[in-house]
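So this one's entry_37.pdb, PDB, C-alpha atoms:
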```
ATOM      1  CA  MET R   1       0.000   0.000   0.000
ATOM      2  CA  ASP R   2       2.862   2.364   0.713
ATOM      3  CA  ALA R   3       4.452   1.787  -2.683
ATOM      4  CA  TYR R   4       1.327   1.827  -4.845
ATOM      5  CA  GLY R   5      -1.397   3.476  -2.775
ATOM      6  CA  THR R   6      -2.481   7.080  -3.011
ATOM      7  CA  GLY R   7      -1.751   7.894   0.628
ATOM      8  CA  VAL R   8      -5.185   9.505   0.903
ATOM      9  CA  THR R   9      -6.501   7.017   3.461
ATOM     10  CA  ASP R  10      -5.276   7.457   7.028
ATOM     11  CA  CYS R  11      -4.723   3.962   8.454
ATOM     12  CA  THR R  12      -3.539   5.115  11.860
ATOM     13  CA  GLY R  13      -4.447   2.458  14.404
ATOM     14  CA  TYR R  14      -5.020  -0.160  11.716
ATOM     15  CA  GLU R  15      -1.402  -1.005  10.926
ATOM     16  CA  SER R  16      -1.874  -4.667  11.877
ATOM     17  CA  VAL R  17      -4.818  -4.956   9.483
ATOM     18  CA  ARG R  18      -2.768  -3.456   6.650
ATOM     19  CA  GLU R  19      -0.171  -6.206   7.045
ATOM     20  CA  TYR R  20      -2.573  -8.849   5.745
ATOM     21  CA  SER R  21      -5.066  -6.756   3.776
ATOM     22  CA  TRP R  22      -3.674  -8.109   0.501
ATOM     23  CA  GLN R  23      -5.151 -11.497   1.455
ATOM     24  CA  ARG R  24      -8.668 -10.137   0.930
ATOM     25  CA  GLN R  25      -7.999 -10.070  -2.799
ATOM     26  CA  LEU R  26      -9.736 -13.321  -3.693
ATOM     27  CA  HIS R  27      -8.321 -13.440  -7.215
ATOM     28  CA  LEU R  28      -5.028 -14.527  -5.691
ATOM     29  CA  TYR R  29      -6.689 -17.714  -4.456
ATOM     30  CA  GLU R  30      -9.549 -18.361  -6.863
ATOM     31  CA  VAL R  31      -7.982 -17.406 -10.196
ATOM     32  CA  PRO R  32      -4.284 -16.757  -9.532
ATOM     33  CA  PHE R  33      -3.409 -15.907 -13.137
ATOM     34  CA  TYR R  34      -6.245 -13.404 -13.552
ATOM     35  CA  TYR R  35      -4.055 -10.328 -13.278
ATOM     36  CA  ILE R  36      -1.480 -11.700 -15.686
ATOM     37  CA  GLU R  37      -4.051 -11.314 -18.448
ATOM     38  CA  TYR R  38      -4.406  -7.636 -17.598
ATOM     39  CA  GLY R  39      -0.659  -7.158 -17.879
ATOM     40  CA  MET R  40      -0.569  -8.984 -21.194
ATOM     41  CA  ALA R  41      -3.433  -6.879 -22.541
ATOM     42  CA  GLN R  42      -1.997  -3.577 -21.317
ATOM     43  CA  LEU R  43       1.452  -4.223 -22.744
ATOM     44  CA  GLY R  44      -0.119  -5.354 -26.006
ATOM     45  CA  ALA R  45      -2.226  -2.199 -26.154
ATOM     46  CA  LEU R  46       0.844  -0.045 -25.587
ATOM     47  CA  ALA R  47       2.670  -1.852 -28.383
ATOM     48  CA  VAL R  48      -0.270  -1.302 -30.754
ATOM     49  CA  TRP R  49      -0.366   2.382 -29.786
ATOM     50  CA  LYS R  50       3.368   2.684 -30.380
ATOM     51  CA  ASN R  51       3.027   1.078 -33.814
ATOM     52  CA  SER R  52       0.131   3.379 -34.661
ATOM     53  CA  LYS R  53       2.399   6.383 -34.280
ATOM     54  CA  ASP R  54       4.536   5.046 -37.156
ATOM     55  CA  ASP R  55       1.816   3.770 -39.507
ATOM     56  CA  PHE R  56      -1.734   4.227 -38.258
ATOM     57  CA  LYS R  57      -3.583   2.553 -41.139
ATOM     58  CA  LYS R  58      -1.321  -0.501 -41.193
ATOM     59  CA  THR R  59      -1.540  -0.842 -37.407
ATOM     60  CA  ILE R  60      -5.344  -0.641 -37.328
ATOM     61  CA  SER R  61      -5.598  -3.158 -40.163
ATOM     62  CA  ALA R  62      -3.321  -5.618 -38.341
ATOM     63  CA  TYR R  63      -5.193  -5.027 -35.084
ATOM     64  CA  LYS R  64      -8.558  -5.770 -36.703
ATOM     65  CA  LYS R  65      -7.150  -8.974 -38.230
ATOM     66  CA  ALA R  66      -5.908 -10.008 -34.796
ATOM     67  CA  LEU R  67      -9.318  -9.323 -33.228
ATOM     68  CA  ALA R  68     -11.047 -11.330 -35.954
ATOM     69  CA  LEU R  69      -9.064 -14.426 -34.993
ATOM     70  CA  GLY R  70     -11.108 -14.969 -31.861
ATOM     71  CA  TYR R  71      -9.891 -18.148 -30.210
ATOM     72  CA  THR R  72      -8.483 -19.688 -33.378
ATOM     73  CA  LYS R  73      -4.855 -18.868 -32.550
ATOM     74  CA  SER R  74      -2.706 -18.803 -29.458
ATOM     75  CA  ILE R  75      -2.097 -15.486 -27.726
ATOM     76  CA  PRO R  76       1.414 -15.238 -29.228
ATOM     77  CA  GLY R  77      -0.203 -15.871 -32.633
ATOM     78  CA  VAL R  78      -2.736 -13.101 -32.043
ATOM     79  CA  TYR R  79       0.067 -10.734 -31.062
ATOM     80  CA  GLU R  80       2.003 -11.687 -34.188
ATOM     81  CA  THR R  81      -1.055 -11.003 -36.359
ATOM     82  CA  ALA R  82      -1.371  -7.606 -34.674
ATOM     83  CA  ASN R  83       2.275  -6.982 -35.626
ATOM     84  CA  ILE R  84       3.416  -6.799 -32.013
ATOM     85  CA  THR R  85       5.620  -9.134 -30.020
ATOM     86  CA  PHE R  86       4.548 -11.388 -27.177
ATOM     87  CA  ASP R  87       7.574 -10.273 -25.207
ATOM     88  CA  PHE R  88       7.521  -9.446 -21.525
ATOM     89  CA  SER R  89      11.234  -9.065 -21.121
ATOM     90  CA  LYS R  90      12.671  -6.217 -19.109
ATOM     91  CA  LYS R  91      14.059  -4.730 -22.328
ATOM     92  CA  ASN R  92      10.686  -4.661 -24.111
ATOM     93  CA  ILE R  93       8.769  -3.357 -21.095
ATOM     94  CA  LYS R  94      11.395  -0.630 -20.669
ATOM     95  CA  ALA R  95      11.021   0.371 -24.330
ATOM     96  CA  LEU R  96       7.232   0.613 -23.964
ATOM     97  CA  ALA R  97       7.556   2.599 -20.734
ATOM     98  CA  GLU R  98       9.967   5.012 -22.415
ATOM     99  CA  PHE R  99       7.492   5.418 -25.278
ATOM    100  CA  VAL R 100       4.696   6.276 -22.837
ATOM    101  CA  GLU R 101       6.987   8.669 -20.997
ATOM    102  CA  GLU R 102       7.722  10.517 -24.245
ATOM    103  CA  GLU R 103       4.019  10.674 -25.088
ATOM    104  CA  LEU R 104       3.311  12.176 -21.666
ATOM    105  CA  LYS R 105       6.048  14.768 -22.168
ATOM    106  CA  ASP R 106       4.431  15.739 -25.480
ATOM    107  CA  LEU R 107       1.164  16.367 -23.631
ATOM    108  CA  GLU R 108       2.914  18.803 -21.300
ATOM    109  CA  ASP R 109       4.189  20.926 -24.195
TER     110      ASP R 109
END
```
Could you show the structure in this file as structure tokens?
Amino acid sequence: MDAYGTGVTDCTGYESVREYSWQRQLHLYEVPFYYIEYGMAQLGALAVWKNSKDDFKKTISAYKKALALGYTKSIPGVYETANITFDFSKKNIKALAEFVEEELKDLED
């Protein structure tokens, strides 16, 4: 909570509850890989966005082809059809984060 919370909520007197509050998140027990799908989708979306900055029409065409596959291909196959890589390496995530950082800087200008 300290690292990722907003700090808006005052938990004074409830420190012991905070220590195990993460256990209330039932996804961790019922569907432990649930959040992995969110990460995969978000990184894929960032990669599509990044590609769209280079060639919007080509990117949208590839994206639509990927969506049309439904469940007929594996996730890496869907990513490939969308012209993005199914790559969750530190290097690729860093490149996507740097792209987003540059986009945010452009908004400030």
Legend entry - Exercise: residues within 12 Å of coordinate (-0.4, -10.0, -36.2), counting all atoms listed in the file, as number ranges by chain: R: 44, 47-48, 51, 58-69, 73-86
Selection in question (the file shown): the PyMOL selection byres ((chain R and resi 101-109) around 12). Which residues does it include, as a PDB file with C-alpha atoms, in the coordinates of the input?
```
ATOM      1  CA  LEU R  46       0.844  -0.045 -25.587  1.00  0.00           C
ATOM      2  CA  TRP R  49      -0.366   2.382 -29.786  1.00  0.00           C
ATOM      3  CA  LYS R  50       3.368   2.684 -30.380  1.00  0.00           C
ATOM      4  CA  LYS R  53       2.399   6.383 -34.280  1.00  0.00           C
ATOM      5  CA  LYS R  94      11.395  -0.630 -20.669  1.00  0.00           C
ATOM      6  CA  ALA R  95      11.021   0.371 -24.330  1.00  0.00           C
ATOM      7  CA  LEU R  96       7.232   0.613 -23.964  1.00  0.00           C
ATOM      8  CA  ALA R  97       7.556   2.599 -20.734  1.00  0.00           C
ATOM      9  CA  GLU R  98       9.967   5.012 -22.415  1.00  0.00           C
ATOM     10  CA  PHE R  99       7.492   5.418 -25.278  1.00  0.00           C
ATOM     11  CA  VAL R 100       4.696   6.276 -22.837  1.00  0.00           C
TER      12      VAL R 100
END
```
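Atom CA of R:His27 to atom CA of R:Gly39 spans 14.6 Å [interatomic distance, one decimal].
Interatomic distance, atom CA of R:Val8 against atom CA of R:Leu28: 24.9 Å.
Going from atom CA of R:Arg18 over to atom CA of R:Met40, you cover 28.5 Å.
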Axis-aligned box for stretch 88-95 of chain R, 6 Å per side, centre and edges in Å as JSON:
```
{"center_x": 10.8, "center_y": -4.5, "center_z": -21.7, "size_x": 18.5, "size_y": 21.8, "size_z": 17.2}
```
